[in-house]
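What follows is one structure encoded as structure tokens, with my remarks underneath.
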Amino acid sequence: MQVRVQQENFDFGDECARFAAAREDTGAVVTFCGIVRAPAAGVLHRMEIEHYPGMTERAIAQIAQTALTRWNLTDCLVIHRYGTLLPGERIMMVATASRHRADAFAAADFLMDYLKSRAPFWKKEITDQGADWVAAKDADEEALARW
Amino acid sequence: MTLEILYFAWLRERIGHPRETVETQAETVAALIDELRAREDRYALAFSDLDAVRVAVDQDLCDMDTPLAGAREVAFFPPMTGG
């Protein structure tokens with residue numbers, strides 16, 4: 001299991017290639033990358049991501065550990081950025097590896113649902129209309145119920 | 001008891017600082033919030049809608065009834081928006 005919380009960008013392709021390389025016990029790798037998108041209204045200048053140092057690493061490690069226990073994974077990786085991000089920049093990624101694809105898909109989906117609502121990050125959008133904190137959606141909280 | 005209190009996102013902005021040290025006898029998170037609210041308007045405003053506030057005690061997510069005995073750090077923040 002690898003968890004990285006960092007300000008700097010990462011190369012999604014390199015991370016995927018490194019994660020998938022040389023694994024004889026693995027038959028499937030699933031990856032997801034979250035990207036800063038434009039808001040429904042206005043022009044996004046930048047996104048500021050705040051987090052809770054210490055708790056962030058701990059919460060992500062707990063979520064990843066749950067995934068490893070619950071599915072038959074050979075490994076998983078979570079990278080999540082904080083600080084100032086521009087539109088189109090990568091925010092975070094997860095990768096899961098397993099013998100068969102069903103475990104890798106389900107675990108990646110689970111990781112994303114939990115990271116969304118249980119990892120202490122807060123996003124603020126700075127647009128041409130002003131600055132606003134991104135509100136959590138009820139649907140995000142409801143998504144946890146399916147696990 | 002001495003507690004380190006942390007605020008994040010709009011709670012930090014409304015209260016005006018990211019952390020502070022407080023002396024308190026509050027037995028639960030809810031009692032601590034009542035003490036903070038009574039201090040100044042900006043605290044009352046920040047804690048006016050508790051449905052919009054989440055809390056972690058010693059970096060574990062918990063709820064308003066959680067006891068504070070033995071706690072060192074309490075953090076208040078809005079619902080998280082990771083991913």
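By order of appearance in the structure tokens: chains A, B, ..., then residues from 1 within every chain, and ligands from 1 in the order shown.
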
**OP:** Write down, as JSON, numbers by chain, each residue of chain A that has any atom within 9 Å of an atom of chain B, counting only C-alpha atoms.
**Re:** {"A": [33, 34, 49, 50, 51, 52, 54, 55, 56, 58, 59, 80, 91, 92, 93, 112, 113, 114, 115, 116, 117, 118, 119, 120, 121, 122, 123, 124, 133, 134, 135, 136, 137]}

Okay, now the selection with C-alpha atoms, as a CSV table (one decimal), in the first residue's frame?
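To be explicit, this is the file written out as result-v3.csv:
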```csv
chain,number,residue,atom,x,y,z
A,33,CYS,CA,-7.4,10.1,-12.0
A,34,GLY,CA,-9.3,13.1,-10.8
A,49,ILE,CA,-7.2,22.5,-1.8
A,50,GLU,CA,-6.8,22.7,1.9
A,51,HIS,CA,-6.2,19.6,4.1
A,52,TYR,CA,-5.6,18.5,7.6
A,54,GLY,CA,-1.6,14.3,9.9
A,55,MET,CA,-5.2,13.3,9.8
A,56,THR,CA,-5.2,13.2,6.0
A,58,ARG,CA,-4.0,8.6,8.6
A,59,ALA,CA,-7.6,8.7,7.1
A,80,HIS,CA,-3.8,13.2,-3.4
A,91,ILE,CA,-5.8,16.4,-8.4
A,92,MET,CA,-5.5,12.8,-7.3
A,93,MET,CA,-5.3,9.2,-8.4
A,112,MET,CA,-13.1,6.9,-4.5
A,113,ASP,CA,-16.4,7.0,-2.6
A,114,TYR,CA,-14.6,7.1,0.7
A,115,LEU,CA,-11.8,9.5,-0.3
A,116,LYS,CA,-14.5,11.9,-1.5
A,117,SER,CA,-16.3,12.1,1.9
A,118,ARG,CA,-13.9,10.8,4.5
A,119,ALA,CA,-10.5,12.2,3.6
A,120,PRO,CA,-10.1,15.7,5.1
A,121,PHE,CA,-9.7,17.8,2.0
A,122,TRP,CA,-11.7,21.0,1.2
A,123,LYS,CA,-11.8,22.6,-2.2
A,124,LYS,CA,-12.2,26.3,-2.9
A,133,TRP,CA,-16.0,26.5,-1.1
A,134,VAL,CA,-17.2,23.5,-3.0
A,135,ALA,CA,-20.1,22.0,-1.1
A,136,ALA,CA,-20.3,18.3,-0.4
A,137,LYS,CA,-23.2,16.6,-2.2
```

Original post:
When DSSP works through the backbone of this structure, what residues of segment 39-117 of chain A end up as helix (DSSP H, G or I), shown as a ChimeraX atom specification?
Top reply: /A:55-70,101-117

**OP:** Can you work out the spacing between atom CA of Leu77 of chain A and atom CA of Val55 of chain B in Å, to one decimal?
**Re:**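 Value for the atom CA of Leu77 of chain A-atom CA of Val55 of chain B distance: 26.8 Å.
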
**OP:** Using backbone DSSP assignments, extract all strand (DSSP E) residues from chain B; output them as an MDAnalysis selection string.
**Re:** chainID B and resid 2:7 19:23 54:57 60:62 73:77

**OP:** Write out as number ranges by chain which residues come within 12 Å of Leu86 of chain A when counting only C-alpha atoms, dropping same-chain ones fewer than 4 positions away.
**Re:** A: 9, 35-38, 43-49, 82, 90-91, 124-127

Subject >> All residues 7 Å or closer to Ala97 of chain A, only C-alpha atoms, same chain fewer than 4 positions away omitted, as number ranges by chain >> reply: A: 26, 28-30, 73-76, 104

**OP:** With a distance cut-off of 10 Å and only C-alpha atoms, select the neighbouring residues of Leu11 of chain B, excluding the residue or stretch itself and same-chain residues fewer than 5 positions from it, and output the selection as JSON, numbers by chain.
**Re:** {"B": [6, 16, 17, 18, 42, 43, 45, 46, 47, 52, 53, 76, 77, 78]}
